[in-house]
$ cat run.txt   # compact mmCIF, C-alpha atoms and all ligand atoms
# COMPACT_ATOMS: atom_id res chain seq x y z
CA MET A 4 24.95 -3.55 23.48
CA ASP A 5 28.20 -1.58 23.76
CA GLU A 6 27.31 1.01 21.18
CA LEU A 7 24.85 1.42 18.35
CA PRO A 8 26.09 -0.36 15.22
CA LEU A 9 25.41 2.34 12.67
CA ARG A 10 27.39 1.55 9.57
CA HIS A 11 25.21 2.84 6.74
CA PRO A 12 23.36 1.54 4.93
CA LEU A 13 22.13 -0.64 7.78
CA ASP A 14 21.96 -4.30 6.76
CA LEU A 15 19.74 -7.14 7.90
CA TYR A 16 22.11 -8.17 10.68
CA GLN A 17 22.38 -4.66 12.14
CA ILE A 18 18.67 -3.96 11.87
CA THR A 19 17.79 -7.26 13.53
CA ARG A 20 20.27 -6.49 16.30
CA LEU A 21 18.76 -3.04 16.87
CA LEU A 22 15.24 -4.46 16.96
CA SER A 23 16.34 -7.14 19.43
CA VAL A 24 17.57 -4.87 22.21
CA GLU A 25 15.69 -5.44 25.44
CA SER A 26 17.10 -3.45 28.34
CA PRO A 27 15.47 -0.06 28.97
CA HIS A 28 18.87 1.60 28.58
CA GLU A 29 19.51 0.07 25.15
CA ILE A 30 15.99 0.81 23.96
CA GLU A 31 16.37 4.43 25.00
CA GLN A 32 19.69 4.59 23.13
CA VAL A 33 17.98 3.53 19.90
CA LEU A 34 15.06 5.91 20.42
CA ALA A 35 17.37 8.82 21.24
CA ARG A 36 19.35 8.23 18.04
CA ALA A 37 16.10 8.24 16.05
CA ARG A 38 15.04 11.54 17.63
CA THR A 39 18.36 13.10 16.67
CA VAL A 40 18.07 11.85 13.09
CA LYS A 41 14.52 13.19 12.84
CA LYS A 42 15.59 16.61 14.06
CA GLU A 43 18.58 16.73 11.72
CA CYS A 44 16.89 15.35 8.60
CA ILE A 45 13.35 16.70 8.67
CA ASP A 46 12.19 19.17 11.29
CA ASN A 47 10.80 19.40 14.79
CA LYS A 48 7.13 19.25 13.73
CA VAL A 49 4.28 16.81 14.14
CA TYR A 50 1.94 17.09 11.16
CA ILE A 51 -1.77 16.59 11.66
CA ARG A 52 -4.13 14.72 9.32
CA GLY A 53 -7.82 14.50 10.19
CA LEU A 54 -8.93 10.89 9.69
CA ILE A 55 -12.38 10.20 8.23
CA GLU A 56 -13.43 6.54 8.30
CA LEU A 57 -15.77 6.85 5.36
CA SER A 58 -17.26 3.35 5.19
CA ASN A 59 -16.77 -0.06 6.79
CA ILE A 60 -18.19 -1.94 3.81
CA CYS A 61 -15.43 -4.20 2.48
CA ARG A 62 -15.23 -6.89 -0.18
CA LYS A 63 -12.25 -8.49 1.51
CA ASN A 64 -12.03 -10.99 4.31
CA CYS A 65 -8.64 -10.53 5.99
CA LEU A 66 -8.41 -13.02 8.83
CA TYR A 67 -7.29 -10.43 11.41
CA CYS A 68 -9.75 -7.63 10.68
CA GLY A 69 -12.89 -6.82 12.64
CA VAL A 70 -14.70 -5.33 9.65
CA ARG A 71 -13.95 -8.28 7.34
CA ARG A 72 -16.76 -9.13 4.94
CA ASP A 73 -17.92 -12.24 6.81
CA ASN A 74 -18.21 -10.62 10.21
CA ARG A 75 -22.01 -10.52 10.41
CA GLY A 76 -21.89 -8.76 13.77
CA VAL A 77 -20.87 -5.46 12.18
CA ARG A 78 -23.41 -2.75 11.39
CA ARG A 79 -22.33 -1.54 7.97
CA TYR A 80 -22.29 2.14 7.09
CA ASP A 81 -21.31 4.51 4.34
CA ILE A 82 -21.32 8.15 5.47
CA PRO A 83 -23.52 10.24 3.17
CA GLU A 84 -21.68 12.79 1.08
CA ALA A 85 -23.33 15.81 2.71
CA GLU A 86 -22.25 14.60 6.12
CA VAL A 87 -18.66 14.09 4.98
CA LEU A 88 -18.58 17.60 3.54
CA GLU A 89 -19.95 18.99 6.80
CA THR A 90 -17.17 17.17 8.64
CA VAL A 91 -14.59 18.61 6.25
CA GLN A 92 -16.03 22.12 6.66
CA HIS A 93 -15.82 21.77 10.43
CA ALA A 94 -12.25 20.45 10.18
CA MET A 95 -11.26 23.45 8.05
CA GLU A 96 -12.74 25.79 10.65
CA GLU A 97 -10.60 24.02 13.26
CA GLY A 98 -7.52 24.68 11.11
CA TYR A 99 -6.96 21.31 9.43
CA THR A 100 -5.26 21.45 6.04
CA SER A 101 -4.75 17.73 5.57
CA LEU A 102 -7.10 14.74 5.61
CA VAL A 103 -6.99 10.96 5.37
CA ILE A 104 -10.03 9.28 3.87
CA GLN A 105 -10.10 5.61 4.79
CA SER A 106 -12.56 2.97 3.75
CA GLY A 107 -13.07 -0.75 3.39
CA GLU A 108 -12.09 -1.97 -0.07
CA ARG A 109 -14.66 -1.76 -2.86
CA THR A 110 -14.03 -1.79 -6.58
CA ASP A 111 -17.56 -1.24 -7.91
CA GLN A 112 -18.32 1.82 -10.04
CA VAL A 113 -20.70 3.32 -7.48
CA PHE A 114 -17.88 3.44 -4.94
CA ILE A 115 -15.27 4.68 -7.41
CA GLN A 116 -17.55 7.52 -8.48
CA HIS A 117 -18.47 8.28 -4.88
CA ILE A 118 -14.78 8.81 -3.97
CA ASP A 119 -14.20 10.75 -7.15
CA ARG A 120 -17.07 13.15 -6.47
CA LEU A 121 -16.06 13.55 -2.86
CA LEU A 122 -12.50 14.46 -3.79
CA ARG A 123 -13.68 17.09 -6.25
CA LYS A 124 -16.15 18.58 -3.76
CA ILE A 125 -13.59 18.69 -0.95
CA GLN A 126 -11.10 20.42 -3.22
CA ALA A 127 -13.76 22.91 -4.33
CA LEU A 128 -14.79 23.53 -0.72
CA SER A 129 -11.19 24.15 0.34
CA ASN A 130 -10.24 26.11 -2.77
CA HIS A 131 -7.78 23.32 -3.56
CA GLY A 132 -6.10 23.87 -0.23
CA MET A 133 -6.67 20.44 1.28
CA GLY A 134 -3.98 17.76 1.27
CA ILE A 135 -5.82 14.47 0.80
CA THR A 136 -4.51 11.00 1.54
CA LEU A 137 -6.64 8.06 0.43
CA SER A 138 -6.61 4.62 2.00
CA CYS A 139 -9.15 2.63 0.00
CA GLY A 140 -7.32 -0.58 -0.80
CA GLU A 141 -6.22 -2.23 -4.03
CA GLN A 142 -7.65 -0.64 -7.16
CA ASN A 143 -6.82 -0.79 -10.84
CA PRO A 144 -4.45 1.76 -12.44
CA GLU A 145 -7.36 3.70 -14.03
CA THR A 146 -9.00 4.21 -10.67
CA TYR A 147 -5.76 5.35 -9.03
CA ARG A 148 -5.25 7.79 -11.92
CA ARG A 149 -8.81 9.07 -11.74
CA TRP A 150 -8.65 9.74 -8.00
CA ALA A 151 -5.30 11.48 -8.39
CA ASP A 152 -6.78 13.71 -11.08
CA SER A 153 -9.67 14.52 -8.76
CA GLY A 154 -7.46 15.76 -5.93
CA ALA A 155 -5.86 12.93 -3.94
CA HIS A 156 -2.09 13.16 -3.72
CA ARG A 157 -1.09 10.60 -1.09
CA TYR A 158 -2.15 6.97 -0.80
CA LEU A 159 -1.74 4.47 2.04
CA LEU A 160 -1.78 0.75 1.29
CA ARG A 161 -0.37 -1.49 3.99
CA ILE A 162 1.48 -4.63 3.01
CA GLU A 163 0.78 -5.92 6.58
CA THR A 164 3.79 -8.30 6.49
CA THR A 165 6.48 -8.97 3.92
CA ASN A 166 6.89 -12.58 5.00
CA ARG A 167 4.96 -14.33 2.21
CA ASP A 168 4.12 -17.38 4.34
CA LEU A 169 2.80 -15.21 7.13
CA PHE A 170 0.88 -13.09 4.60
CA ARG A 171 -0.79 -16.28 3.37
CA ARG A 172 -1.62 -17.34 6.92
CA ILE A 173 -3.40 -14.08 7.75
CA HIS A 174 -5.42 -13.91 4.54
CA PRO A 175 -7.93 -16.32 3.01
CA CYS A 176 -6.79 -18.47 0.07
CA ASP A 177 -9.50 -17.28 -2.30
CA GLY A 178 -7.35 -15.74 -5.01
CA SER A 179 -8.27 -12.16 -4.08
CA HIS A 180 -5.80 -11.64 -1.23
CA LEU A 181 -2.46 -12.03 -3.00
CA TYR A 182 0.88 -10.68 -1.83
CA ASP A 183 2.09 -10.00 -5.37
CA ASN A 184 -1.03 -8.00 -6.18
CA ARG A 185 -0.42 -5.81 -3.14
CA VAL A 186 3.16 -5.13 -4.21
CA LYS A 187 2.03 -4.40 -7.79
CA ALA A 188 -0.56 -1.95 -6.45
CA LEU A 189 2.16 -0.13 -4.48
CA GLN A 190 4.30 0.11 -7.61
CA CYS A 191 1.33 1.36 -9.61
CA LEU A 192 0.63 4.06 -7.02
CA LYS A 193 4.21 5.29 -7.32
CA GLU A 194 4.01 5.33 -11.10
CA THR A 195 0.76 7.29 -10.91
CA GLY A 196 2.59 10.00 -8.98
CA TYR A 197 1.22 9.59 -5.46
CA GLN A 198 3.23 9.95 -2.30
CA VAL A 199 3.00 6.34 -1.26
CA GLY A 200 2.65 4.91 2.22
CA THR A 201 2.61 1.38 3.46
CA GLY A 202 3.00 -0.43 6.76
CA VAL A 203 2.90 -3.67 8.68
CA MET A 204 1.46 -5.18 11.82
CA ILE A 205 3.93 -5.87 14.62
CA GLY A 206 3.54 -8.98 16.78
CA LEU A 207 1.47 -11.21 14.50
CA PRO A 208 1.28 -14.83 15.66
CA GLY A 209 4.46 -16.57 14.53
CA GLN A 210 6.19 -13.36 13.40
CA THR A 211 9.89 -13.05 14.28
CA VAL A 212 12.15 -10.07 14.86
CA GLU A 213 13.97 -11.00 11.66
CA ASP A 214 10.64 -10.78 9.78
CA LEU A 215 10.27 -7.25 11.13
CA ALA A 216 13.80 -6.36 10.07
CA LYS A 217 12.98 -7.57 6.56
CA ASP A 218 9.82 -5.41 6.60
CA LEU A 219 12.03 -2.35 7.14
CA LEU A 220 14.32 -3.39 4.30
CA PHE A 221 11.27 -3.80 2.06
CA PHE A 222 10.21 -0.20 2.82
CA ARG A 223 13.70 0.94 1.85
CA ASP A 224 13.87 -1.22 -1.27
CA ILE A 225 10.59 0.07 -2.68
CA ASN A 226 11.47 3.58 -1.44
CA VAL A 227 8.18 4.49 0.23
CA ASP A 228 7.44 8.04 1.29
CA MET A 229 5.35 7.29 4.38
CA VAL A 230 4.86 4.45 6.81
CA GLY A 231 2.04 3.75 9.24
CA MET A 232 2.65 0.64 11.31
CA GLY A 233 1.50 -0.49 14.69
CA PRO A 234 1.01 -3.47 16.96
CA TYR A 235 -1.24 -6.32 15.95
CA ILE A 236 -4.21 -6.27 18.32
CA GLU A 237 -6.48 -9.28 18.19
CA HIS A 238 -10.25 -9.05 17.60
CA GLU A 239 -12.43 -11.81 19.00
CA MET A 240 -14.74 -11.90 15.97
CA THR A 241 -11.96 -12.88 13.58
CA PRO A 242 -10.44 -16.25 12.63
CA LEU A 243 -6.93 -15.16 13.67
CA HIS A 244 -8.15 -14.74 17.24
CA SER A 245 -7.81 -18.52 17.65
CA GLU A 246 -4.02 -17.96 17.69
CA LYS A 247 -4.09 -15.47 20.56
CA ASP A 248 -2.09 -17.79 22.84
CA ARG A 249 0.90 -17.48 20.51
CA LEU A 250 1.06 -13.70 20.76
CA TRP A 251 3.83 -11.67 22.35
CA SER A 252 2.80 -9.91 25.55
CA MET A 253 1.27 -6.43 25.24
CA GLU A 254 4.50 -4.97 26.69
CA LYS A 255 6.62 -6.70 24.08
CA ARG A 256 4.36 -5.63 21.22
CA LEU A 257 4.58 -2.03 22.42
CA GLU A 258 8.34 -2.21 22.82
CA LYS A 259 8.87 -3.75 19.38
CA SER A 260 6.51 -1.23 17.76
CA LEU A 261 8.51 1.67 19.20
CA LEU A 262 11.78 0.08 18.12
CA MET A 263 10.36 -0.45 14.62
CA ILE A 264 9.55 3.26 14.37
CA ALA A 265 12.97 4.25 15.69
CA VAL A 266 14.96 1.90 13.47
CA LEU A 267 12.89 2.89 10.45
CA ARG A 268 13.82 6.51 11.15
CA LEU A 269 17.48 5.44 11.07
CA VAL A 270 16.97 3.49 7.84
CA MET A 271 14.81 6.08 6.01
CA LYS A 272 15.72 9.40 7.53
CA ASP A 273 13.30 11.80 5.86
CA ILE A 274 10.09 9.85 5.29
CA ASN A 275 6.84 10.54 7.16
CA ILE A 276 6.10 8.07 9.95
CA ALA A 277 2.67 8.03 11.57
CA ALA A 278 1.97 7.24 15.21
CA ALA A 279 -0.59 4.44 14.84
CA THR A 280 -3.79 4.60 16.90
CA ALA A 281 -3.31 0.94 17.91
CA LEU A 282 -0.38 2.00 20.11
CA ASP A 283 -2.87 3.63 22.48
CA VAL A 284 -4.49 0.23 23.08
CA LEU A 285 -1.27 -1.03 24.64
CA SER A 286 -0.55 2.08 26.69
CA HIS A 287 -2.38 5.32 27.38
CA GLU A 288 0.81 7.05 26.26
CA GLY A 289 1.41 4.78 23.25
CA ARG A 290 1.16 7.42 20.54
CA THR A 291 3.06 9.97 22.61
CA MET A 292 5.89 7.44 22.92
CA ALA A 293 5.92 7.06 19.14
CA PHE A 294 6.96 10.70 18.84
CA HIS A 295 9.86 9.97 21.18
CA ALA A 296 10.86 7.22 18.75
CA GLY A 297 10.97 9.38 15.60
CA ALA A 298 7.35 9.49 14.34
CA ASN A 299 6.16 12.81 12.88
CA VAL A 300 2.50 12.39 11.82
CA LEU A 301 -0.64 12.24 13.98
CA MET A 302 -4.02 11.30 12.54
CA PRO A 303 -6.80 12.28 14.98
CA ASN A 304 -10.10 10.61 14.19
CA ILE A 305 -12.63 13.23 13.04
CA THR A 306 -15.25 10.72 11.81
CA PRO A 307 -18.76 11.73 13.01
CA ALA A 308 -19.19 10.08 16.42
CA GLN A 309 -22.16 7.85 15.52
CA TYR A 310 -20.07 5.80 13.06
CA ARG A 311 -16.90 5.29 15.04
CA GLU A 312 -17.90 2.20 16.98
CA ASP A 313 -18.59 0.42 13.71
CA TYR A 314 -15.05 0.75 12.38
CA LEU A 315 -13.48 -1.62 14.88
CA ILE A 316 -10.66 -3.26 13.00
CA TYR A 317 -9.16 -4.44 16.31
CA LYS A 318 -10.27 -4.82 19.90
CA GLY A 319 -10.14 -1.81 22.24
CA LYS A 320 -9.69 0.87 19.56
CA PRO A 321 -10.20 4.27 21.20
CA VAL A 322 -13.33 5.55 19.48
CA LEU A 323 -14.68 8.19 21.81
CA GLN A 324 -11.63 10.35 22.05
CA GLU A 325 -12.21 13.88 20.75
CA ALA A 326 -9.59 15.07 18.28
CA HIS A 327 -8.78 18.28 20.16
CA ASP A 328 -8.37 16.37 23.47
CA LEU A 329 -6.00 13.94 21.77
CA ILE A 330 -3.97 16.78 20.24
CA SER A 331 -3.72 18.57 23.61
CA ARG A 332 -2.61 15.38 25.35
CA ILE A 333 -0.04 14.50 22.69
CA SER A 334 1.17 18.08 22.53
CA ALA A 335 1.87 18.11 26.27
CA GLY A 336 4.05 15.01 26.03
CA LEU A 337 6.12 15.71 22.91
CA PRO A 338 9.93 15.78 22.99
CA ALA A 339 11.30 19.23 23.93
CA GLY A 340 11.08 21.71 21.06
CA THR A 341 8.62 19.66 18.97
CA GLN A 342 5.52 21.47 17.78
CA ILE A 343 2.19 20.44 16.35
CA ASP A 344 1.62 21.86 12.84
CA PHE A 345 -1.82 22.07 11.25
CA THR A 346 -0.94 24.67 8.74
CA ARG A 347 1.15 22.75 6.24
CA TRP A 348 0.51 19.54 4.39
CA GLY A 349 3.75 18.14 5.76
CA ASP A 350 4.62 16.25 2.61
CA SER A 351 7.33 13.66 2.74
CA LYS A 352 10.80 14.99 1.93
CA ASN A 353 11.62 11.60 0.51
CA TYR A 354 8.91 12.19 -2.09
CA ALA A 355 10.33 15.58 -3.08
CA ARG A 356 13.75 13.97 -3.53
CA ARG A 357 12.29 11.01 -5.41
CA ILE A 358 10.41 13.04 -8.00
CA SER A 359 13.23 15.50 -8.54
CA GLY A 360 15.28 12.47 -9.62
S1 LIG B 401 -8.00 -5.11 6.52
FE1 LIG B 401 -8.90 -3.69 5.04
S2 LIG B 401 -9.19 -4.93 3.21
FE2 LIG B 401 -8.91 -6.39 4.90
S3 LIG B 401 -11.00 -6.84 5.59
FE3 LIG B 401 -10.23 -5.13 6.85
S4 LIG B 401 -10.94 -3.27 5.86
FE4 LIG B 401 -11.13 -4.98 4.39

$ encode --input "run.txt" --output "structure tokens"
Amino acid sequence: MDELPLRHPLDLYQITRLLSVESPHEIEQVLARARTVKKECIDNKVYIRGLIELSNICRKNCLYCGVRRDNRGVRRYDIPEAEVLETVQHAMEEGYTSLVIQSGERTDQVFIQHIDRLLRKIQALSNHGMGITLSCGEQNPETYRRWADSGAHRYLLRIETTNRDLFRRIHPCDGSHLYDNRVKALQCLKETGYQVGTGVMIGLPGQTVEDLAKDLLFFRDINVDMVGMGPYIEHEMTPLHSEKDRLWSMEKRLEKSLLMIAVLRLVMKDINIAAATALDVLSHEGRTMAFHAGANVLMPNITPAQYREDYLIYKGKPVLQEAHDLISRISAGLPAGTQIDFTRWGDSKNYARRISG
């Protein structure tokens, strides 16, 4: 590649070309451009969100996911409220001001009330100082509204892939895993007033670089505020594992994941981009590399240790890593001048622009 083709707005051809670069020199050119854009358009911070994996009970059966409903080998858990609040208290003492609460998808009233109560108690405990992101799947508009009223202000709901055929191939055909419903839920979250995040898996069997380019255009078209995306990592207890021979190599999945982060930073300059945990499965330095590609959010796992091994969405997920060790390691490898920031919520600038009209 002679030089980076950066006529804005980037179109499908240019994005595909950027995602297709292969030589180390060209890849570094793309990553370096993303770092510059990040510095110019947001700041030189990495914002921290403590991740609590609240429950692995899920009504869905996604063909790629280790905690899918039909995986009988999983010990199911739902962390009791008191234990979650203890975890939050501890996190506050460590300086956290922002949390992500993630769970398998449930739409029953017991679950909805459980989340509702938890949000209110966390906000009371923190004197309304805690930034809370939820990631609890597709819900109806009333539930999204209720949780927002109780103290959640960001919501992550991954589309996983925007190729409809591929989406169908990685989900069961049972009428409850529909692409259009996922898109409607994302729209509903925006209308409810959340900062909205989505994301995709990179390197799914049969996925092409052009599919990935279209994923980035989808993020831009629906104007998301945050993106969390990472490599697809197979799990042997899932139906999609049977397609493991069609996968890109680990090196290629890592390379494409980093390019996706970098090109997204060029496409959507001031959104929040998380460094996905799955990157660390492909390389010990996976998440550190994400910050050299334009990512700006780190989500250390602060789930109580005894539950972590039961939230294995993919094979090889690092479950034993202590949050402070992770932060020290990442901190030591950040681009020059970049600092870890616990103290602010680190809301997406794109969101501020979006709501101010
Ligand atoms: S990906 Fe999410 S919704 Fe699908 S089975 Fe796993 S936890 Fe449930």

$ residues_near_ligand --input "run.txt" --ligand "ligand LIG 401 (chain B)" --cutoff "6 Å" --atoms "all atoms listed in the file" --output "MDAnalysis selection string"
chainID A and resid 61 63:65 68 70:71 107:108

$ residues_around --input "run.txt" --residues "A:Leu34" --least-positions-apart "4" --cutoff "8 Å" --atoms "all atoms listed in the file" --output "list in words"
Ile30, Arg38, Leu261, Leu262, Ala265, His295, Ala296 and Gly297 of chain A

$ residues_around --input "run.txt" --residues "A:Leu102" --least-positions-apart "6" --cutoff "6 Å" --atoms "only C-alpha atoms" --output "PyMOL selection string"
chain A and resi 52-54+135

$ residues_around --input "run.txt" --residues "A:Leu250" --least-positions-apart "4" --cutoff "12 Å" --atoms "all atoms listed in the file" --output "VMD selection string"
chain A and resid 205 to 211 234 to 237 243 to 246 254 to 256

$ write_last_selection --input "run.txt" --atoms "C-alpha atoms" --output "CSV table (one decimal), in the frame of the given file"
chain,number,residue,atom,x,y,z
A,205,ILE,CA,3.9,-5.9,14.6
A,206,GLY,CA,3.5,-9.0,16.8
A,207,LEU,CA,1.5,-11.2,14.5
A,208,PRO,CA,1.3,-14.8,15.7
A,209,GLY,CA,4.5,-16.6,14.5
A,210,GLN,CA,6.2,-13.4,13.4
A,211,THR,CA,9.9,-13.0,14.3
A,234,PRO,CA,1.0,-3.5,17.0
A,235,TYR,CA,-1.2,-6.3,16.0
A,236,ILE,CA,-4.2,-6.3,18.3
A,237,GLU,CA,-6.5,-9.3,18.2
A,243,LEU,CA,-6.9,-15.2,13.7
A,244,HIS,CA,-8.2,-14.7,17.2
A,245,SER,CA,-7.8,-18.5,17.6
A,246,GLU,CA,-4.0,-18.0,17.7
A,254,GLU,CA,4.5,-5.0,26.7
A,255,LYS,CA,6.6,-6.7,24.1
A,256,ARG,CA,4.4,-5.6,21.2

$ atom_distance --input "run.txt" --atom1 "atom CA of A:Leu257" --atom2 "atom CA of A:His28"
16.0 Å
